[in-house]
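> Next comes entry.cif, mmCIF, C-alpha atoms:
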```cif
data_entry
#
loop_
_atom_site.label_atom_id
_atom_site.label_comp_id
_atom_site.auth_asym_id
_atom_site.auth_seq_id
_atom_site.Cartn_x
_atom_site.Cartn_y
_atom_site.Cartn_z
CA MET U 279 -36.01 25.82 -4.35
CA PHE U 280 -37.28 25.59 -0.78
CA PHE U 281 -38.10 28.80 1.07
CA PRO U 282 -38.18 27.99 4.81
CA ILE U 283 -39.92 31.18 5.99
CA SER U 284 -43.11 30.57 4.01
CA GLY U 285 -42.55 26.81 3.68
CA ALA U 286 -43.04 27.04 -0.09
CA HIS U 287 -41.30 25.21 -2.94
CA ILE U 288 -41.04 27.60 -5.91
CA SER U 289 -38.83 27.51 -8.99
CA PRO U 290 -36.29 30.37 -8.87
CA ILE U 291 -36.52 30.67 -12.67
CA TYR U 292 -40.26 31.36 -12.34
CA LEU U 293 -39.61 34.02 -9.69
CA VAL U 294 -36.84 35.68 -11.68
CA THR U 295 -39.01 35.74 -14.84
CA VAL U 296 -42.00 37.23 -13.02
CA GLY U 297 -39.69 39.79 -11.40
CA PHE U 298 -38.19 40.68 -14.76
CA LEU U 299 -41.59 41.31 -16.40
CA ILE U 300 -42.87 43.37 -13.48
CA GLY U 301 -39.58 45.25 -13.42
CA ILE U 302 -40.07 46.39 -17.01
CA LEU U 303 -43.63 47.54 -16.27
CA GLY U 304 -42.57 49.34 -13.10
CA GLY U 305 -39.59 51.08 -14.65
CA PHE U 306 -41.60 52.26 -17.64
CA PHE U 307 -44.93 53.21 -16.06
CA GLY U 308 -43.98 54.01 -12.47
CA VAL U 309 -46.24 51.38 -10.96
CA GLY U 310 -45.50 48.72 -8.35
CA GLY U 311 -47.02 45.93 -10.45
CA SER U 312 -48.71 44.21 -7.51
CA PHE U 313 -51.79 43.46 -9.63
CA ILE U 314 -49.58 40.97 -11.52
CA ALA U 315 -47.05 39.97 -8.84
CA GLY U 316 -49.69 39.09 -6.23
CA PRO U 317 -51.61 36.67 -8.50
CA ALA U 318 -48.31 35.29 -9.87
CA LEU U 319 -47.12 34.43 -6.35
CA ARG U 320 -50.51 32.91 -5.54
CA LEU U 321 -50.23 30.82 -8.70
CA ALA U 322 -46.86 29.52 -7.46
CA GLY U 323 -48.60 28.21 -4.34
CA LEU U 324 -47.81 30.97 -1.84
CA ASP U 325 -50.45 31.78 0.77
CA TRP U 326 -52.32 35.01 0.15
CA ASN U 327 -50.88 36.81 3.20
CA PHE U 328 -47.32 35.92 2.13
CA ALA U 329 -48.06 36.91 -1.49
CA VAL U 330 -49.12 40.42 -0.41
CA GLY U 331 -46.26 41.02 2.06
CA THR U 332 -43.53 39.48 -0.08
CA ASP U 333 -44.70 41.40 -3.12
CA LEU U 334 -44.38 44.66 -1.18
CA ALA U 335 -40.77 43.82 -0.22
CA HIS U 336 -39.97 43.04 -3.84
CA ILE U 337 -41.57 46.33 -4.92
CA VAL U 338 -39.20 48.24 -2.59
CA GLY U 339 -36.12 46.69 -4.24
CA LYS U 340 -37.39 47.10 -7.78
CA SER U 341 -38.33 50.74 -7.16
CA VAL U 342 -34.88 51.51 -5.71
CA VAL U 343 -33.25 50.28 -8.94
CA ALA U 344 -35.72 52.16 -11.18
CA VAL U 345 -35.46 55.37 -9.14
CA ARG U 346 -31.65 55.37 -9.31
CA ARG U 347 -31.91 55.07 -13.08
CA HIS U 348 -34.68 57.69 -13.36
CA ARG U 349 -32.76 60.04 -11.06
CA ALA U 350 -29.74 59.84 -13.35
CA MET U 351 -32.05 60.99 -16.16
CA GLY U 352 -33.46 63.86 -14.03
CA ASN U 353 -36.91 62.25 -13.70
CA VAL U 354 -37.36 62.39 -9.91
CA ASP U 355 -38.83 65.26 -7.87
CA LEU U 356 -37.69 64.34 -4.35
CA ARG U 357 -39.67 67.10 -2.66
CA LEU U 358 -42.94 66.08 -4.33
CA GLY U 359 -42.24 62.40 -3.62
CA LEU U 360 -41.70 63.00 0.11
CA ILE U 361 -44.90 65.06 0.43
CA MET U 362 -46.88 62.46 -1.48
CA ALA U 363 -45.52 59.62 0.67
CA LEU U 364 -47.12 61.26 3.73
CA GLY U 365 -50.49 61.50 1.99
CA THR U 366 -50.26 57.93 0.68
CA ILE U 367 -49.42 56.39 4.06
CA GLY U 368 -52.29 58.34 5.66
CA GLY U 369 -54.66 57.30 2.88
CA ALA U 370 -53.58 53.65 3.05
CA GLU U 371 -54.27 53.56 6.78
CA VAL U 372 -57.70 55.17 6.29
CA GLY U 373 -58.44 52.78 3.40
CA ALA U 374 -57.49 49.73 5.49
CA GLN U 375 -59.52 50.97 8.47
CA ALA U 376 -62.49 51.78 6.24
CA ILE U 377 -62.43 48.28 4.83
CA GLN U 378 -62.52 46.83 8.35
CA MET U 379 -65.45 49.09 9.26
CA LEU U 380 -67.35 48.38 6.07
CA LYS U 381 -66.79 44.65 6.51
CA ARG U 382 -68.60 44.80 9.81
CA ALA U 383 -71.36 46.92 8.27
CA GLY U 384 -72.44 44.42 5.62
CA ASN U 385 -72.04 43.65 1.95
CA VAL U 386 -69.20 46.06 1.20
CA ASN U 387 -67.19 43.94 -1.21
CA PHE U 388 -69.80 44.43 -3.89
CA VAL U 389 -69.89 48.22 -3.41
CA VAL U 390 -66.08 48.57 -3.30
CA SER U 391 -65.73 46.35 -6.37
CA ILE U 392 -68.24 48.35 -8.39
CA VAL U 393 -66.60 51.64 -7.39
CA SER U 394 -63.16 50.26 -8.33
CA ILE U 395 -64.34 49.03 -11.73
CA VAL U 396 -65.95 52.39 -12.49
CA VAL U 397 -62.76 54.25 -11.43
CA TYR U 398 -60.40 51.98 -13.40
CA VAL U 399 -62.47 52.03 -16.58
CA SER U 400 -62.91 55.81 -16.25
CA ILE U 401 -59.13 56.31 -15.93
CA SER U 402 -58.47 54.19 -19.02
CA THR U 403 -61.22 55.84 -21.06
CA PHE U 404 -60.07 59.30 -20.07
CA MET U 405 -56.43 58.52 -20.82
CA ILE U 406 -57.26 57.11 -24.27
CA TRP U 407 -59.23 60.25 -25.08
CA GLU U 408 -56.62 62.65 -23.71
CA SER U 409 -53.47 61.03 -25.10
CA ARG U 410 -54.97 60.49 -28.55
CA LYS U 411 -56.23 64.07 -28.66
CA THR U 412 -52.84 65.38 -27.54
CA LEU U 413 -50.98 63.20 -30.06
CA SER U 414 -53.20 64.37 -32.91
CA SER U 415 -52.80 68.05 -31.98
CA SER U 416 -49.89 70.11 -33.26
CA GLU U 417 -48.57 70.49 -29.69
CA GLY U 418 -48.45 66.74 -29.33
CA ARG U 419 -46.54 66.40 -32.57
CA SER U 420 -43.93 68.93 -31.50
CA SER U 421 -43.54 67.34 -28.07
CA ARG U 422 -43.08 63.96 -29.76
CA GLY U 423 -40.16 65.34 -31.65
CA ALA U 424 -38.65 66.81 -28.52
CA ALA U 425 -38.83 63.57 -26.59
CA LYS U 426 -37.08 61.59 -29.29
CA GLY U 427 -33.94 63.50 -28.54
CA GLY U 428 -34.49 62.85 -24.87
CA LYS U 429 -33.84 66.50 -24.05
CA SER U 430 -37.24 67.85 -23.07
CA LYS U 431 -39.20 66.67 -20.06
CA LYS U 432 -42.09 69.08 -20.85
CA ASP U 433 -45.06 67.44 -22.41
CA HIS U 434 -48.44 68.72 -23.42
CA SER U 435 -51.85 67.49 -22.46
CA ALA U 436 -55.31 68.12 -23.88
CA PHE U 437 -56.36 68.39 -20.21
CA GLY U 438 -53.84 71.21 -19.67
CA PRO U 439 -56.36 74.08 -19.11
CA VAL U 440 -58.06 72.17 -16.26
CA THR U 441 -54.68 71.33 -14.71
CA ARG U 442 -53.65 74.99 -14.83
CA ALA U 443 -56.96 75.99 -13.18
CA ILE U 444 -56.24 73.51 -10.37
CA GLN U 445 -52.74 74.97 -9.96
CA ARG U 446 -54.26 78.46 -9.65
CA LEU U 447 -56.44 77.47 -6.66
CA LYS U 448 -55.11 79.54 -3.77
CA ILE U 449 -55.48 77.29 -0.75
CA TRP U 450 -52.73 78.11 1.76
CA PRO U 451 -49.97 76.92 2.03
CA MET U 452 -48.81 77.26 -1.58
CA ILE U 453 -45.54 75.57 -2.51
CA SER U 454 -43.36 75.51 -5.62
CA LEU U 455 -41.94 72.41 -7.28
CA PRO U 456 -39.11 73.64 -9.51
CA ALA U 457 -37.96 70.13 -10.43
CA SER U 458 -41.42 69.43 -11.90
CA GLY U 459 -41.70 72.89 -13.47
CA ILE U 460 -44.62 73.87 -11.21
CA LYS U 461 -44.37 77.46 -10.01
CA GLU U 462 -47.08 77.28 -7.39
CA ILE U 463 -49.59 74.71 -6.16
CA SER U 464 -51.50 74.17 -2.96
CA LEU U 465 -49.93 71.62 -0.60
CA TRP U 466 -53.43 70.32 0.13
CA ILE U 467 -54.04 69.37 -3.49
CA ILE U 468 -50.83 67.29 -3.52
CA LEU U 469 -51.78 65.64 -0.24
CA LEU U 470 -55.31 65.00 -1.51
CA VAL U 471 -54.02 63.29 -4.69
CA ALA U 472 -51.65 61.12 -2.62
CA PHE U 473 -54.35 60.44 -0.03
CA VAL U 474 -56.84 59.23 -2.66
CA GLY U 475 -54.16 56.93 -4.12
CA GLY U 476 -53.45 55.68 -0.60
CA VAL U 477 -57.12 55.01 0.11
CA PHE U 478 -57.34 52.87 -3.05
CA SER U 479 -54.13 51.15 -2.00
CA GLY U 480 -55.71 50.34 1.37
CA PHE U 481 -58.96 49.20 -0.28
CA LEU U 482 -57.49 47.04 -3.01
CA GLY U 483 -53.94 46.24 -1.85
CA GLY U 484 -50.76 47.09 -3.74
CA GLY U 485 -49.42 50.56 -4.42
CA ALA U 486 -52.29 51.90 -6.61
CA GLY U 487 -49.76 53.46 -8.98
CA TYR U 488 -52.30 53.15 -11.80
CA ILE U 489 -54.33 55.83 -10.03
CA ARG U 490 -51.51 57.99 -8.66
CA MET U 491 -49.39 58.30 -11.79
CA PRO U 492 -52.24 59.68 -13.99
CA SER U 493 -53.37 61.91 -11.10
CA MET U 494 -49.90 63.44 -10.90
CA VAL U 495 -50.01 64.24 -14.62
CA TYR U 496 -53.58 65.48 -14.94
CA VAL U 497 -54.31 67.02 -11.52
CA LEU U 498 -50.89 68.31 -10.41
CA GLY U 499 -49.51 68.99 -13.90
CA VAL U 500 -46.29 67.00 -13.43
CA PRO U 501 -44.65 66.02 -16.77
CA THR U 502 -45.18 62.31 -17.51
CA HIS U 503 -41.50 61.32 -17.27
CA LEU U 504 -41.20 63.01 -13.88
CA ALA U 505 -44.50 61.52 -12.71
CA VAL U 506 -43.13 58.03 -13.45
CA GLY U 507 -39.84 58.62 -11.60
CA THR U 508 -41.41 60.50 -8.68
CA ASP U 509 -44.16 57.92 -8.25
CA LEU U 510 -41.49 55.21 -7.99
CA PHE U 511 -39.62 57.24 -5.36
CA GLU U 512 -42.84 57.65 -3.42
CA ILE U 513 -43.47 53.90 -3.75
CA ILE U 514 -40.10 53.15 -2.06
CA ILE U 515 -41.26 54.97 1.08
CA SER U 516 -44.84 53.72 1.19
CA ALA U 517 -43.91 50.12 0.23
CA SER U 518 -41.12 50.08 2.88
CA TYR U 519 -43.71 51.07 5.46
CA GLY U 520 -46.02 48.30 4.17
CA THR U 521 -43.17 45.76 4.15
CA PHE U 522 -42.25 46.51 7.76
CA SER U 523 -45.87 46.32 8.83
CA HIS U 524 -46.43 42.98 7.03
CA ALA U 525 -43.07 41.53 8.19
CA VAL U 526 -43.99 42.18 11.82
CA LYS U 527 -47.25 40.29 11.20
CA GLY U 528 -45.26 37.39 9.71
CA ASN U 529 -46.35 37.93 6.10
CA VAL U 530 -42.98 38.49 4.39
CA ASP U 531 -40.69 35.81 2.96
CA ILE U 532 -37.71 38.01 2.20
CA LEU U 533 -35.84 35.20 0.45
CA ILE U 534 -38.55 34.96 -2.21
CA ALA U 535 -38.47 38.75 -2.60
CA LEU U 536 -34.68 38.70 -3.00
CA VAL U 537 -34.82 36.02 -5.70
CA MET U 538 -37.64 37.81 -7.56
CA HIS U 539 -35.72 41.03 -7.34
CA THR U 540 -32.70 39.65 -9.22
CA GLY U 541 -34.92 39.58 -12.34
CA ALA U 542 -36.64 42.86 -11.51
CA ALA U 543 -33.30 44.68 -11.21
CA ILE U 544 -32.61 44.14 -14.91
CA GLY U 545 -36.25 44.66 -15.97
CA ALA U 546 -36.60 47.93 -14.04
CA GLN U 547 -33.52 49.36 -15.74
CA ILE U 548 -34.79 48.39 -19.19
CA GLY U 549 -38.17 49.98 -18.39
CA ALA U 550 -36.63 53.17 -16.99
CA ILE U 551 -34.22 53.62 -19.91
CA SER U 552 -37.05 52.97 -22.41
CA THR U 553 -39.01 56.01 -21.17
CA GLN U 554 -36.51 58.39 -22.78
CA TYR U 555 -37.45 57.06 -26.23
CA PHE U 556 -41.16 57.83 -25.81
CA ALA U 557 -43.01 61.13 -25.52
CA GLY U 558 -45.34 61.71 -22.54
CA PRO U 559 -48.62 61.20 -24.45
CA LYS U 560 -47.33 57.89 -25.87
CA ILE U 561 -46.39 56.65 -22.39
CA ARG U 562 -49.86 57.66 -21.19
CA LEU U 563 -51.50 55.84 -24.11
CA ALA U 564 -49.47 52.68 -23.41
CA PHE U 565 -50.51 52.98 -19.73
CA VAL U 566 -54.21 52.50 -20.61
CA PRO U 567 -54.32 48.66 -20.28
CA LEU U 568 -52.99 48.71 -16.69
CA PRO U 569 -56.14 50.06 -14.97
CA LEU U 570 -58.16 47.74 -17.25
CA ILE U 571 -56.17 44.77 -15.92
CA GLY U 572 -56.96 46.05 -12.42
CA ALA U 573 -60.67 46.18 -13.37
CA ALA U 574 -60.52 42.66 -14.86
CA ILE U 575 -59.02 41.32 -11.62
CA VAL U 576 -61.79 42.95 -9.57
CA ILE U 577 -64.46 41.52 -11.92
CA TYR U 578 -62.83 38.09 -11.62
CA THR U 579 -62.84 38.23 -7.82
CA MET U 580 -66.48 39.37 -7.84
CA PHE U 581 -67.70 36.47 -9.95
CA SER U 582 -65.37 33.74 -8.72
CA GLY U 583 -65.79 34.66 -5.06
CA HIS U 584 -62.10 34.32 -4.20
CA LYS U 585 -59.12 36.62 -4.46
CA LEU U 586 -56.46 35.92 -7.03
CA MET O 255 -28.78 51.85 -37.84
CA LYS O 256 -29.16 48.07 -38.26
CA LYS O 257 -25.51 47.54 -37.33
CA GLU O 258 -26.02 49.66 -34.21
CA THR O 259 -29.06 47.58 -33.18
CA VAL O 260 -27.18 44.30 -33.64
CA LYS O 261 -24.35 45.70 -31.53
CA THR O 262 -26.74 46.74 -28.74
CA VAL O 263 -28.55 43.38 -28.74
CA ARG O 264 -25.20 41.53 -28.69
CA ALA O 265 -23.95 43.63 -25.79
CA PHE O 266 -27.19 43.05 -23.92
CA ALA O 267 -27.00 39.27 -24.50
CA ILE O 268 -23.41 39.13 -23.14
CA GLU O 269 -24.51 41.23 -20.20
CA LEU O 270 -27.40 38.84 -19.45
CA VAL O 271 -25.13 35.76 -19.58
CA ILE O 272 -22.62 37.29 -17.13
CA TYR O 273 -25.46 38.53 -14.94
CA ALA O 274 -27.16 35.09 -14.94
CA PHE O 275 -23.89 33.40 -13.96
CA LEU O 276 -23.35 35.81 -11.07
CA ILE O 277 -26.95 35.46 -9.92
CA VAL O 278 -26.80 31.64 -9.89
CA ALA O 279 -23.62 31.84 -7.78
CA TYR O 280 -25.40 34.33 -5.51
CA PHE O 281 -28.39 31.99 -5.05
CA PHE O 282 -26.21 29.09 -3.99
CA LEU O 283 -23.69 30.94 -1.85
CA VAL O 284 -25.60 33.73 -0.16
CA LEU O 285 -29.28 32.77 -0.07
CA HIS O 286 -28.57 29.12 0.83
CA PHE O 287 -26.59 30.07 3.94
CA LEU O 288 -28.76 33.06 4.80
CA GLY O 289 -32.01 31.07 4.59
CA GLN O 290 -31.86 29.16 7.85
CA TRP O 291 -30.60 32.14 9.83
CA LEU O 292 -33.36 34.42 8.50
CA TYR O 293 -35.93 31.71 9.21
CA LEU O 294 -34.88 31.56 12.88
CA LEU O 295 -34.77 35.34 13.09
CA GLU O 296 -38.30 35.56 11.67
CA ILE O 297 -39.56 33.20 14.39
CA HIS O 298 -37.75 34.68 17.40
CA HIS O 299 -37.15 38.37 16.62
CA ARG O 300 -39.92 39.63 14.35
CA TYR O 301 -39.11 43.35 14.59
CA LEU O 302 -35.42 42.76 13.89
CA TYR O 303 -36.38 40.58 10.95
CA ALA O 304 -38.71 43.29 9.58
CA GLY O 305 -35.96 45.92 9.70
CA LEU O 306 -33.39 43.56 8.26
CA ALA O 307 -35.76 42.54 5.44
CA ILE O 308 -35.93 46.16 4.25
CA LEU O 309 -32.17 46.61 4.60
CA LEU O 310 -31.52 43.42 2.62
CA ILE O 311 -33.82 44.28 -0.27
CA VAL O 312 -32.54 47.87 -0.49
CA GLY O 313 -28.93 46.68 -0.19
CA GLN O 314 -29.42 44.11 -2.94
CA ALA O 315 -31.09 46.75 -5.12
CA VAL O 316 -28.15 49.14 -4.79
CA LEU O 317 -25.66 46.31 -5.35
CA LEU O 318 -27.40 44.91 -8.44
CA GLU O 319 -27.94 48.36 -9.93
CA SER O 320 -24.24 49.10 -9.52
CA LEU O 321 -23.33 45.68 -10.96
CA THR O 322 -25.52 46.07 -14.04
CA THR O 323 -24.30 49.62 -14.61
CA PHE O 324 -20.70 48.36 -14.36
CA LEU O 325 -21.46 45.53 -16.82
CA ILE O 326 -23.09 47.93 -19.28
CA ARG O 327 -20.06 50.25 -19.17
CA LEU O 328 -17.62 47.37 -19.44
CA ILE O 329 -19.28 45.60 -22.37
CA ARG O 330 -20.50 48.62 -24.32
CA GLY O 331 -17.24 50.41 -23.66
CA ARG O 332 -15.29 47.55 -25.17
CA SER O 333 -17.65 47.03 -28.12
CA GLU O 334 -17.38 50.66 -29.20
#
```
Is it possible to give me this structure as structure tokens?

Amino acid sequence: MFFPISGAHISPIYLVTVGFLIGILGGFFGVGGSFIAGPALRLAGLDWNFAVGTDLAHIVGKSVVAVRRHRAMGNVDLRLGLIMALGTIGGAEVGAQAIQMLKRAGNVNFVVSIVSIVVYVSISTFMIWESRKTLSSSEGRSSRGAAKGGKSKKDHSAFGPVTRAIQRLKIWPMISLPASGIKEISLWIILLVAFVGGVFSGFLGGGAGYIRMPSMVYVLGVPTHLAVGTDLFEIIISASYGTFSHAVKGNVDILIALVMHTGAAIGAQIGAISTQYFAGPKIRLAFVPLPLIGAAIVIYTMFSGHKL
Amino acid sequence: MKKETVKTVRAFAIELVIYAFLIVAYFFLVLHFLGQWLYLLEIHHRYLYAGLAILLIVGQAVLLESLTTFLIRLIRGRSE
């Protein structure tokens, strides 16, 4: 199939299949999936600038489908998502600007890559430790039973005491998030979590959901199911902003995104529905390979010298 | 339990076939005619194209989500 905007010839079956797989990942884990979609579009022969912009447009569509499904299951905190979108957009701008500044300063790619690898591996290591500890504890066992029925959104974490200490920090203004079951938390902590995710998004491209989703669970204390749904809602806003920005620069082939999205629409629903059959700690344990894939991509780009 | 699984897989397979048929029709009818127009819009009116790109992807998302939900209800409703 010929796509006149980017001038690329790509099989629609390939695009639909890639969209379907990323849709499942996104619906289940609350991530954009750009660490797979970007390289997959590059592999199909799309220029790097089009791969990044088109992927963002596709992420918007996929997230809309997943959010509608998650919302029907009560897994979206709109208030938290809107606040986080502000922090993410701010962080993404700072991240992109910082990259430009660091580029002029010298050999920044090496430093950024090393920092990214350390962060990704740390997230995975921490999540393995936490989710396994939670699953082996009696609390984890009881929460597992609750989630099977799909009735309880509350889940326990071995990191819970630290999360509660963070929630007790009185830095004005304090806000409540009833949908997430959080009585009181500082607005600045939410913005900081979103901002850090945004900075990584600006540094490395994509939505950085593999940083934001665990941060929402461990730092803010949002139940895993709600973190997945809310992160997706937040992704709609930040990815729409990114899509507009890239489209103005001529980096979006919306026809490719529309074709990819036909597969993602089914995949995202399967992923979103699947979350109700798994307890929070199990979702977090299954999440572990995603940051590792991110780390592997960074290592590849470091040693090969070119971006995927 | 096994019977229930077979039923679900069967319903899902029917759903995929109908969905695939509709999507192929969509590719040929909508995207084929829309392609050239969007291409010209992208060249001459970049800001309009950017806004329309978001509207199109969100619109398609809402449409496909409604379609798949309708198919699920239709097929599972009948198989029960």
> Specify as a list in words each residue included when the PyMOL selection byres ((chain U) within 6 of (chain O)) is applied to this file.
Ile283, Gly339, Val343, Phe522, Ala525, Val526 and Ile532 of chain U
> Kindly export the residues of the current selection with C-alpha atoms, as a compact mmCIF listing (two decimals), in the coordinates of the input.

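Saved the output as part_26.txt:
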```txt
# COMPACT_ATOMS: atom_id res chain seq x y z
CA ILE U 283 -39.92 31.18 5.99
CA GLY U 339 -36.12 46.69 -4.24
CA VAL U 343 -33.25 50.28 -8.94
CA PHE U 522 -42.25 46.51 7.76
CA ALA U 525 -43.07 41.53 8.19
CA VAL U 526 -43.99 42.18 11.82
CA ILE U 532 -37.71 38.01 2.20
```
> Determine, counting all atoms listed in the file, every residue of protein, DNA or RNA that lies within 6 Å of (-33.6, 56.0, -16.5) in the file coordinates, then give the result as a list in words.
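Those residues lying close to the given coordinates are Arg347, His348, Met351, Ala550 and Ile551 of chain U.
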> Using the chain letters and numbering of this document, enumerate as a ChimeraX atom specification the residues selected by the PyMOL selection byres ((chain U and resi 410) around 12).
/U:402-409,411-419,434-437,558-564,566
> Counting all atoms listed in the file, what is within 7 Å of Gly331 of chain U, bar same-chain residues fewer than 2 positions away, as a list in words?
Asn327, Phe328, Ala329, Asp333, Leu334, Ala335, Thr521, His524, Ala525, Asn529 and Val530 of chain U
> Now that the selection is made, can you save its residues with C-alpha atoms as a PDB file, keeping the file's coordinate frame?

```pdb
ATOM      1  CA  ASN U 327     -50.880  36.810   3.200  1.00  0.00           C
ATOM      2  CA  PHE U 328     -47.320  35.920   2.130  1.00  0.00           C
ATOM      3  CA  ALA U 329     -48.060  36.910  -1.490  1.00  0.00           C
ATOM      4  CA  ASP U 333     -44.700  41.400  -3.120  1.00  0.00           C
ATOM      5  CA  LEU U 334     -44.380  44.660  -1.180  1.00  0.00           C
ATOM      6  CA  ALA U 335     -40.770  43.820  -0.220  1.00  0.00           C
ATOM      7  CA  THR U 521     -43.170  45.760   4.150  1.00  0.00           C
ATOM      8  CA  HIS U 524     -46.430  42.980   7.030  1.00  0.00           C
ATOM      9  CA  ALA U 525     -43.070  41.530   8.190  1.00  0.00           C
ATOM     10  CA  ASN U 529     -46.350  37.930   6.100  1.00  0.00           C
ATOM     11  CA  VAL U 530     -42.980  38.490   4.390  1.00  0.00           C
TER      12      VAL U 530
END
```
> Work out where the centre of an axis-aligned box around every listed atom of segment 271-274 of chain O lies and how long its edges are once 5 Å is added on each side; give both in Å to one decimal as JSON.

```
{"center_x": -24.9, "center_y": 36.8, "center_z": -17.3, "size_x": 14.5, "size_y": 13.4, "size_z": 14.6}
```
> Env of segment 362-370 of chain U: 7 Å cut, atoms = only C-alpha atoms, seq-sep filter 2 positions within chain, self excluded. Answer as a PyMOL selection string.
chain U and resi 358-360+372-374+468-470+472-477+479-480+512+515-516
> Set the distance at 7 Å and use all atoms listed in the file: which residues neighbour Ala573 of chain U once local chain neighbours fewer than 5 positions away are removed? I'd like the list as JSON, numbers by chain.
{"U": [394, 395, 398, 399]}
> Expressed in Å to a single decimal, how great is the separation between atom CA of Ser464 of chain U and atom CA of Ile449 of chain U?
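Value for the atom CA of Ser464 of chain U-atom CA of Ile449 of chain U distance: 5.5 Å.
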> I would like the residues chosen by the PyMOL selection byres ((chain U and resi 281) around 9) on the shown file; could you give them as number ranges by chain?
U: 279-280, 282-288, 531, 533-534; O: 289, 293
> Please, what distance in Å, to one decimal, runs between atom CA of Pro317 of chain U and atom CA of Ile548 of chain U?
23.1 Å
> What is the distance, in Å and to one decimal place, between atom CA of Ala457 of chain U and atom CA of Gly485 of chain U?
23.5 Å
> Report as a VMD selection string all protein, DNA and RNA residues lying within 12 Å of Ile272 of chain O, evaluated on all atoms listed in the file, omitting residues in the same chain fewer than 2 positions from it.
chain O and resid 265 to 270 274 to 279 321 to 322 324 to 326 328 to 329
> Choose the residue, out of U:Met580, U:Ile575, U:Ile361, U:Ile377, that has the smallest atom-to-atom separation from Ile314 of chain U; count all atoms listed in the file.
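Ranked by minimum distance to Ile314 of chain U, first place goes to U:Ile575.
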